[in-house]
$ cat data38.txt   # compact mmCIF, C-alpha atoms
# COMPACT_ATOMS: atom_id res chain seq x y z
CA MET Y 549 129.30 91.46 91.06
CA GLN Y 550 129.58 90.67 87.36
CA ARG Y 551 126.46 92.63 86.53
CA THR Y 552 127.66 95.63 88.56
CA ILE Y 553 130.95 95.71 86.65
CA SER Y 554 129.24 95.34 83.27
CA ALA Y 555 126.75 98.10 84.14
CA GLY Y 556 129.59 100.41 85.17
CA LEU Y 557 131.51 99.88 81.94
CA ILE Y 558 128.35 100.22 79.85
CA GLY Y 559 127.50 103.44 81.74
CA LEU Y 560 130.92 104.69 80.68
CA ILE Y 561 130.05 104.02 77.02
CA PHE Y 562 126.67 105.74 77.46
CA GLY Y 563 128.23 108.83 79.06
CA THR Y 564 130.91 108.97 76.35
CA GLY Y 565 128.22 108.86 73.66
CA ILE Y 566 126.20 111.62 75.35
CA ALA Y 567 129.28 113.82 75.85
CA LEU Y 568 130.68 113.38 72.30
CA SER Y 569 127.28 113.88 70.65
CA GLY Y 570 126.78 117.22 72.44
CA MET Y 571 123.64 116.03 74.20
CA ALA Y 572 125.09 117.02 77.58
CA ASN Y 573 125.00 120.62 76.29
CA PRO Y 574 121.57 122.21 77.03
CA ALA Y 575 122.14 125.02 74.49
CA LYS Y 576 122.61 122.45 71.70
CA VAL Y 577 119.43 120.61 72.68
CA LEU Y 578 117.42 123.85 72.87
CA ASN Y 579 118.67 124.81 69.40
CA PHE Y 580 117.42 121.49 68.01
CA PHE Y 581 113.92 122.42 69.13
CA ASP Y 582 114.27 126.01 67.86
CA VAL Y 583 113.34 125.10 64.29
CA THR Y 584 112.28 128.66 63.38
CA GLY Y 585 115.36 130.24 65.04
CA THR Y 586 118.95 129.06 65.57
CA TRP Y 587 118.21 125.48 64.47
CA ASP Y 588 120.89 122.83 65.07
CA PRO Y 589 119.76 119.47 63.62
CA SER Y 590 122.45 117.46 65.48
CA LEU Y 591 120.03 115.76 67.90
CA ALA Y 592 118.14 114.18 65.00
CA LEU Y 593 121.33 112.38 63.89
CA VAL Y 594 122.11 111.33 67.47
CA MET Y 595 118.67 109.79 67.92
CA ALA Y 596 118.60 108.23 64.45
CA SER Y 597 121.99 106.52 64.83
CA ALA Y 598 121.28 105.42 68.42
CA LEU Y 599 117.92 104.04 67.33
CA LEU Y 600 119.35 102.18 64.33
CA VAL Y 601 122.13 100.52 66.35
CA THR Y 602 119.71 99.59 69.15
CA ALA Y 603 117.04 98.20 66.81
CA ILE Y 604 119.58 95.97 65.02
CA GLY Y 605 121.39 94.94 68.23
CA TYR Y 606 118.17 94.11 70.11
CA ARG Y 607 117.16 91.75 67.27
CA PHE Y 608 120.18 89.57 67.97
CA VAL Y 609 120.29 89.97 71.75
CA LEU Y 610 116.61 89.22 72.39
CA GLN Y 611 116.84 85.94 70.45
CA ARG Y 612 118.93 84.54 73.28
CA ASP Y 613 117.32 82.70 76.21
CA LYS Y 614 118.78 85.02 78.81
CA PRO Y 615 121.31 87.82 79.27
CA LEU Y 616 124.99 87.07 79.91
CA ALA Y 617 125.11 88.39 83.50
CA GLU Y 618 121.48 88.10 84.63
CA ILE Y 619 118.93 85.30 84.92
CA ARG Y 620 116.32 86.88 82.62
CA PHE Y 621 115.46 89.87 80.43
CA HIS Y 622 113.55 92.62 82.23
CA LEU Y 623 111.27 94.02 79.52
CA PRO Y 624 108.26 96.29 80.01
CA THR Y 625 105.11 94.26 79.31
CA ALA Y 626 102.61 97.13 78.87
CA ARG Y 627 102.17 98.08 75.21
CA LYS Y 628 98.99 100.18 75.16
CA PRO Y 629 99.38 103.95 75.69
CA ASP Y 630 97.31 105.28 78.62
CA LEU Y 631 96.57 108.64 80.23
CA PRO Y 632 99.52 108.73 82.70
CA LEU Y 633 101.90 107.96 79.80
CA VAL Y 634 100.56 110.75 77.59
CA ALA Y 635 100.10 113.31 80.40
CA GLY Y 636 103.51 112.51 81.93
CA SER Y 637 105.28 112.75 78.56
CA ALA Y 638 103.49 116.05 77.84
CA ILE Y 639 104.70 117.42 81.20
CA PHE Y 640 108.24 116.13 80.62
CA GLY Y 641 108.33 117.84 77.20
CA VAL Y 642 107.61 121.22 78.81
CA GLY Y 643 110.35 120.69 81.41
CA TRP Y 644 112.82 119.63 78.71
CA GLY Y 645 111.92 122.63 76.57
CA ILE Y 646 112.44 125.11 79.43
CA SER Y 647 116.05 124.16 80.17
CA GLY Y 648 117.33 121.82 77.46
CA PHE Y 649 118.20 119.25 80.15
CA CYS Y 650 116.81 115.70 80.02
CA PRO Y 651 117.76 112.94 82.49
CA GLY Y 652 120.10 111.12 80.07
CA GLY Y 653 121.93 114.32 79.15
CA ALA Y 654 122.08 115.83 82.64
CA ILE Y 655 123.68 112.86 84.44
CA PRO Y 656 126.87 112.88 82.29
CA ALA Y 657 126.86 116.72 82.54
CA LEU Y 658 127.38 116.27 86.30
CA GLY Y 659 130.84 114.98 85.44
CA LEU Y 660 131.66 118.31 83.81
CA GLY Y 661 131.32 119.92 87.24
CA GLU Y 662 128.66 122.33 86.03
CA PRO Y 663 126.53 123.69 88.93
CA THR Y 664 123.52 124.12 86.64
CA ALA Y 665 123.52 120.37 85.95
CA TRP Y 666 123.42 119.71 89.71
CA ILE Y 667 120.46 122.06 90.13
CA PHE Y 668 118.57 120.26 87.37
CA VAL Y 669 119.40 116.74 88.59
CA GLY Y 670 118.62 117.61 92.23
CA THR Y 671 115.19 119.05 91.43
CA MET Y 672 114.49 116.27 88.91
CA LEU Y 673 115.14 113.60 91.54
CA ALA Y 674 112.84 115.54 93.89
CA GLY Y 675 110.20 115.53 91.13
CA ILE Y 676 110.48 111.76 90.60
CA PHE Y 677 110.33 111.19 94.37
CA ILE Y 678 107.25 113.43 94.81
CA ALA Y 679 105.47 111.78 91.86
CA ARG Y 680 106.20 108.30 93.18
CA THR Y 681 104.99 109.22 96.68
CA ILE Y 682 101.75 110.59 95.21
CA ARG Y 683 101.18 107.45 93.12
CA LEU Y 684 101.82 105.10 96.07
CA ALA Y 685 99.43 107.13 98.27
CA LEU Y 686 96.73 107.03 95.57
CA GLU Y 687 97.14 103.29 95.09
CA GLN Y 688 96.93 102.71 98.84
CA ARG Y 689 93.71 104.74 99.05
CA ALA Y 690 92.27 102.84 96.09
CA THR Y 691 92.92 99.47 97.77
CA GLN Y 692 91.44 100.73 101.06
CA THR Y 693 88.16 101.88 99.46
CA ALA Y 694 87.95 98.77 97.26
CA MET B 556 124.43 129.55 68.53
CA THR B 557 125.69 125.98 68.37
CA ASP B 558 127.22 124.38 65.27
CA PHE B 559 125.72 121.41 63.44
CA THR B 560 128.11 118.54 64.24
CA PRO B 561 127.05 115.62 62.01
CA LEU B 562 130.08 113.35 62.53
CA MET B 563 130.24 113.68 66.31
CA SER B 564 126.46 113.27 66.47
CA LEU B 565 126.64 110.01 64.52
CA LEU B 566 129.60 108.76 66.59
CA GLY B 567 127.95 109.70 69.90
CA GLY B 568 124.58 108.28 68.84
CA THR B 569 126.25 105.01 67.81
CA LEU B 570 127.87 104.74 71.25
CA ILE B 571 124.53 105.47 72.97
CA GLY B 572 122.96 102.70 70.86
CA LEU B 573 125.86 100.36 71.63
CA SER B 574 125.39 100.95 75.37
CA ALA B 575 121.68 100.16 75.06
CA VAL B 576 122.44 96.88 73.23
CA LEU B 577 125.16 95.88 75.71
CA LEU B 578 123.02 96.64 78.78
CA MET B 579 120.34 94.35 77.34
CA ALA B 580 122.90 91.68 76.37
CA PHE B 581 124.64 91.58 79.74
CA ASN B 582 122.12 92.88 82.30
CA GLY B 583 118.85 92.27 80.48
CA ARG B 584 117.84 95.86 81.18
CA ILE B 585 116.45 98.81 79.27
CA ALA B 586 119.04 101.62 79.19
CA GLY B 587 116.56 104.27 80.33
CA MET B 588 117.86 106.94 82.67
CA THR B 589 114.47 107.44 84.35
CA GLY B 590 114.02 103.77 85.24
CA ILE B 591 117.61 103.33 86.38
CA LEU B 592 117.47 106.46 88.59
CA SER B 593 114.05 105.66 90.08
CA GLY B 594 115.40 102.49 91.68
CA LEU B 595 118.04 104.54 93.52
CA LEU B 596 115.51 106.76 95.31
CA PRO B 597 113.95 105.67 98.62
CA PRO B 598 112.58 103.03 98.95
CA VAL B 599 115.82 101.92 97.25
CA ALA B 600 115.51 98.87 94.97
CA SER B 601 117.32 95.72 96.12
CA ASP B 602 119.25 95.64 92.81
CA TRP B 603 120.71 99.12 93.37
CA PRO B 604 124.41 98.24 92.80
CA TRP B 605 124.19 97.86 89.00
CA ARG B 606 122.08 101.03 88.83
CA ALA B 607 124.62 103.02 90.85
CA ALA B 608 127.46 101.59 88.75
CA PHE B 609 125.78 102.64 85.48
CA ILE B 610 125.19 106.18 86.79
CA ALA B 611 128.77 106.41 88.10
CA GLY B 612 130.12 105.29 84.71
CA ALA B 613 128.00 107.90 82.92
CA ILE B 614 129.27 110.67 85.23
CA VAL B 615 132.92 109.62 85.00
CA ALA B 616 132.87 109.37 81.17
CA PRO B 617 133.14 113.11 80.39
CA MET B 618 135.86 113.46 83.05
CA LEU B 619 137.87 110.74 81.29
CA ILE B 620 137.39 112.39 77.89
CA LEU B 621 138.66 115.71 79.26
CA ALA B 622 141.57 114.04 81.08
CA THR B 623 142.77 111.87 78.20
CA SER B 624 142.11 113.93 75.06
CA SER B 625 142.08 117.46 73.73
CA HIS B 626 138.38 117.16 72.87
CA ALA B 627 136.41 120.08 74.32
CA ILE B 628 132.91 119.25 75.59
CA GLY B 629 130.70 122.25 74.93
CA PHE B 630 128.37 123.29 77.72
CA VAL B 631 126.11 126.33 77.89
CA SER B 632 123.04 126.46 80.14
CA PRO B 633 121.26 129.69 79.16
CA VAL B 634 118.40 129.43 81.67
CA PRO B 635 118.33 131.27 85.07
CA ALA B 636 118.61 129.04 88.17
CA PRO B 637 114.96 129.38 89.35
CA TRP B 638 113.74 128.22 85.93
CA LEU B 639 116.23 125.34 86.02
CA ALA B 640 114.66 124.22 89.28
CA VAL B 641 111.16 124.51 87.82
CA SER B 642 112.32 122.58 84.74
CA GLY B 643 113.86 119.84 86.90
CA LEU B 644 110.74 119.39 89.03
CA ILE B 645 108.46 119.32 85.98
CA ALA B 646 110.73 116.92 84.10
CA GLY B 647 110.98 114.62 87.15
CA VAL B 648 107.21 114.40 87.65
CA GLY B 649 106.72 113.97 83.88
CA VAL B 650 109.21 111.16 83.32
CA TYR B 651 107.88 109.28 86.34
CA PHE B 652 104.24 109.29 85.23
CA GLY B 653 105.32 108.91 81.59
CA SER B 654 107.43 105.85 82.54
CA GLY B 655 110.53 107.09 80.74
CA CYS B 656 112.48 109.78 78.97
CA THR B 657 114.53 110.24 75.80
CA SER B 658 116.83 107.27 76.47
CA GLY B 659 114.18 104.78 77.63
CA HIS B 660 111.32 105.65 75.26
CA GLY B 661 113.16 107.55 72.51
CA VAL B 662 115.91 104.98 71.96
CA CYS B 663 115.19 101.63 73.65
CA GLY B 664 111.38 101.60 73.43
CA MET B 665 111.25 102.94 69.87
CA ALA B 666 113.83 100.30 68.86
CA ARG B 667 111.40 97.64 70.16
CA LEU B 668 108.57 99.35 68.25
CA SER B 669 106.65 99.71 71.51
CA PRO B 670 103.45 101.68 70.81
CA ARG B 671 103.74 103.31 74.25
CA SER B 672 107.24 104.55 73.52
CA ILE B 673 106.32 105.82 70.05
CA VAL B 674 103.42 107.83 71.53
CA ALA B 675 105.49 109.09 74.48
CA THR B 676 108.39 110.19 72.23
CA ALA B 677 106.05 111.99 69.80
CA VAL B 678 104.34 113.80 72.70
CA PHE B 679 107.47 114.95 74.54
CA MET B 680 109.32 116.00 71.36
CA ALA B 681 106.28 117.99 70.21
CA ASN B 682 105.85 119.66 73.60
CA ALA B 683 109.54 120.52 73.91
CA THR B 684 109.38 122.14 70.45
CA ILE B 685 106.26 124.13 71.37
CA THR B 686 107.80 125.18 74.72
CA VAL B 687 111.00 126.45 73.09
CA PHE B 688 108.96 128.30 70.44
CA VAL B 689 106.80 130.01 73.05
CA ILE B 690 109.75 130.94 75.30
CA ARG B 691 112.01 132.23 72.50
CA HIS B 692 109.63 133.64 69.93
CA VAL B 693 106.49 134.60 71.86
CA LEU B 694 107.89 135.62 75.26
CA GLY B 695 111.29 136.71 73.89
CA GLY B 696 113.38 134.70 76.37
CA SER B 697 116.59 132.73 75.88

$ encode --input "data38.txt" --output "structure tokens"
Amino acid sequence: MQRTISAGLIGLIFGTGIALSGMANPAKVLNFFDVTGTWDPSLALVMASALLVTAIGYRFVLQRDKPLAEIRFHLPTARKPDLPLVAGSAIFGVGWGISGFCPGGAIPALGLGEPTAWIFVGTMLAGIFIARTIRLALEQRATQTA
Amino acid sequence: MTDFTPLMSLLGGTLIGLSAVLLMAFNGRIAGMTGILSGLLPPVASDWPWRAAFIAGAIVAPMLILATSSHAIGFVSPVPAPWLAVSGLIAGVGVYFGSGCTSGHGVCGMARLSPRSIVATAVFMANATITVFVIRHVLGGS
């Protein structure tokens, strides 16, 4: 219960940050990438400040034995880049560049009641679901032939 | 056209960073939208309540801003609906295989100096830039 409440309140902070920074606005994101056109450098400051705060905060938080509302830290253990990481990120970049929506920006945009945000989130969830189904099927086939 | 908004960008970015630090401090989790969402799709993860709560908080936040202040939240989506759907599908497949998006890799992973996140962020930022260039300046779209 405690970790559900904390996650809800922290989600509120996340959504407020996205909304105030303009990152829920696809036009603003597209203009950041349009360096040779109507360039809007805002996203660089959003990422830089978010990164700075997170890097400093993580230093203190990860020194602790465990989180305040959970039994342990859940950190990704893989460090080495591989083909799925690079190919997936390359594919995501194209999708992001087409619409200006990314998952973190689109979810708070749902709260603005914008139909376009619902179209993006709906198809994005379908994409994640399809990709996961494919991966599970491939893994199953690999274990069967092994 | 959108205006350069340095102060709101820094304020918003600071709050995004603060949420990432707090989610690690309290829940021991990476504040990555891809990872959080994935656990809510079937087969649903057993720890779905905190995931759903985070998503709900993120959706309610702009509603609260609009209800309690005079701050206007700009929103323009210049892309036709069929392309939005294509973009969503592509982005969904990409973030799944890439194990994360702008929040997970670009903020949390980069802050941990994870080589995977640094590579992923460089690749998706570069490809988004190239995609926008091609659409706007080669194909003449919006």

$ atom_distance --input "data38.txt" --atom1 "atom CA of Ile604 of chain Y" --atom2 "atom CA of Thr676 of chain B"
19.5 Å

$ residues_around --input "data38.txt" --residues "segment 688-693 of chain B" --least-positions-apart "5" --cutoff "12 Å" --atoms "all atoms listed in the file" --output "list of chain:residue names"
Y:Leu578, Y:Asn579, Y:Phe580, Y:Phe581, Y:Asp582, Y:Val583, Y:Thr584, Y:Gly585, Y:Thr586, Y:Trp587, Y:Val642, Y:Gly643, Y:Gly645, Y:Ile646, Y:Ser647, B:Pro633, B:Val634, B:Trp638, B:Ala681, B:Asn682, B:Ala683

$ write_last_selection --input "data38.txt" --atoms "C-alpha atoms" --output "CSV table (one decimal), in the frame of the given file"
chain,number,residue,atom,x,y,z
Y,578,LEU,CA,117.4,123.8,72.9
Y,579,ASN,CA,118.7,124.8,69.4
Y,580,PHE,CA,117.4,121.5,68.0
Y,581,PHE,CA,113.9,122.4,69.1
Y,582,ASP,CA,114.3,126.0,67.9
Y,583,VAL,CA,113.3,125.1,64.3
Y,584,THR,CA,112.3,128.7,63.4
Y,585,GLY,CA,115.4,130.2,65.0
Y,586,THR,CA,119.0,129.1,65.6
Y,587,TRP,CA,118.2,125.5,64.5
Y,642,VAL,CA,107.6,121.2,78.8
Y,643,GLY,CA,110.4,120.7,81.4
Y,645,GLY,CA,111.9,122.6,76.6
Y,646,ILE,CA,112.4,125.1,79.4
Y,647,SER,CA,116.0,124.2,80.2
B,633,PRO,CA,121.3,129.7,79.2
B,634,VAL,CA,118.4,129.4,81.7
B,638,TRP,CA,113.7,128.2,85.9
B,681,ALA,CA,106.3,118.0,70.2
B,682,ASN,CA,105.8,119.7,73.6
B,683,ALA,CA,109.5,120.5,73.9

$ residues_near_point --input "data38.txt" --point "(115.4, 108.4, 74.3)" --cutoff "9 Å" --atoms "all atoms listed in the file" --output "PyMOL selection string"
(chain Y and resi 595+598-599+652) or (chain B and resi 587-588+655-665+676)

$ atom_distance --input "data38.txt" --atom1 "atom CA of Leu570 of chain B" --atom2 "atom CA of Ser554 of chain Y"
15.3 Å

$ residues_around --input "data38.txt" --residues "Tyr651 of chain B" --least-positions-apart "5" --cutoff "10 Å" --atoms "all atoms listed in the file" --output "PyMOL selection string"
(chain Y and resi 632-633+636-637+640+672-673+675-680+683) or (chain B and resi 589-590+593+646+656)

$ write_last_selection --input "data38.txt" --atoms "C-alpha atoms" --output "PDB file, in the frame of the given file"
ATOM      1  CA  PRO Y 632      99.520 108.730  82.700  1.00  0.00           C
ATOM      2  CA  LEU Y 633     101.900 107.960  79.800  1.00  0.00           C
ATOM      3  CA  GLY Y 636     103.510 112.510  81.930  1.00  0.00           C
ATOM      4  CA  SER Y 637     105.280 112.750  78.560  1.00  0.00           C
ATOM      5  CA  PHE Y 640     108.240 116.130  80.620  1.00  0.00           C
ATOM      6  CA  MET Y 672     114.490 116.270  88.910  1.00  0.00           C
ATOM      7  CA  LEU Y 673     115.140 113.600  91.540  1.00  0.00           C
ATOM      8  CA  GLY Y 675     110.200 115.530  91.130  1.00  0.00           C
ATOM      9  CA  ILE Y 676     110.480 111.760  90.600  1.00  0.00           C
ATOM     10  CA  PHE Y 677     110.330 111.190  94.370  1.00  0.00           C
ATOM     11  CA  ILE Y 678     107.250 113.430  94.810  1.00  0.00           C
ATOM     12  CA  ALA Y 679     105.470 111.780  91.860  1.00  0.00           C
ATOM     13  CA  ARG Y 680     106.200 108.300  93.180  1.00  0.00           C
ATOM     14  CA  ARG Y 683     101.180 107.450  93.120  1.00  0.00           C
TER      15      ARG Y 683
ATOM     16  CA  THR B 589     114.470 107.440  84.350  1.00  0.00           C
ATOM     17  CA  GLY B 590     114.020 103.770  85.240  1.00  0.00           C
ATOM     18  CA  SER B 593     114.050 105.660  90.080  1.00  0.00           C
ATOM     19  CA  ALA B 646     110.730 116.920  84.100  1.00  0.00           C
ATOM     20  CA  CYS B 656     112.480 109.780  78.970  1.00  0.00           C
TER      21      CYS B 656
END

$ residues_around --input "data38.txt" --residues "Ile561 of chain Y" --least-positions-apart "4" --cutoff "12 Å" --atoms "only C-alpha atoms" --output "JSON, numbers by chain"
{"Y": [554, 555, 556, 557, 565, 566, 567, 568, 656], "B": [566, 567, 568, 569, 570, 571, 572, 573, 574, 575, 576, 577, 578, 586, 609, 610, 611, 612, 613, 614, 615, 616, 617, 619, 620]}

$ atom_distance --input "data38.txt" --atom1 "atom CA of Ile553 of chain Y" --atom2 "atom CA of Glu618 of chain Y"
12.3 Å

$ closest_residue --input "data38.txt" --among "B:Phe630, B:Val650, B:Ala666, B:Ile673" --to "Ala657 of chain Y" --atoms "all atoms listed in the file"
B:Phe630

$ closest_residue --input "data38.txt" --among "B:Met556, B:Ile585, B:Leu565, B:Leu621" --to "Leu610 of chain Y" --atoms "only C-alpha atoms"
B:Ile585

$ closest_residue --input "data38.txt" --among "B:Gly647, B:Asp602, B:Gly594, B:Ser624" --to "chain Y" --atoms "only C-alpha atoms"
B:Gly647

$ residues_around --input "data38.txt" --residues "Thr552 of chain Y" --least-positions-apart "3" --cutoff "6 Å" --atoms "all atoms listed in the file" --output "PDB file with C-alpha atoms, in the coordinates of the input"
ATOM      1  CA  MET Y 549     129.300  91.460  91.060  1.00  0.00           C
ATOM      2  CA  ALA Y 555     126.750  98.100  84.140  1.00  0.00           C
TER       3      ALA Y 555
ATOM      4  CA  PRO B 604     124.410  98.240  92.800  1.00  0.00           C
ATOM      5  CA  TRP B 605     124.190  97.860  89.000  1.00  0.00           C
ATOM      6  CA  ALA B 608     127.460 101.590  88.750  1.00  0.00           C
TER       7      ALA B 608
END

$ residues_around --input "data38.txt" --residues "Pro561 of chain B" --least-positions-apart "4" --cutoff "10 Å" --atoms "all atoms listed in the file" --output "list in words"
Ser569, Asp588, Pro589, Ser590, Leu591, Ala592, Leu593 and Val594 of chain Y; Leu565, Leu566 and Gly567 of chain B

$ closest_residue --input "data38.txt" --among "Y:Ala596, Y:Leu631, Y:Ala603, Y:Leu684" --to "chain B" --atoms "only C-alpha atoms"
Y:Ala603

$ closest_residue --input "data38.txt" --among "B:Ile685, B:Leu694, B:Val674, B:Met618" --to "Glu662 of chain Y" --atoms "only C-alpha atoms"
B:Met618
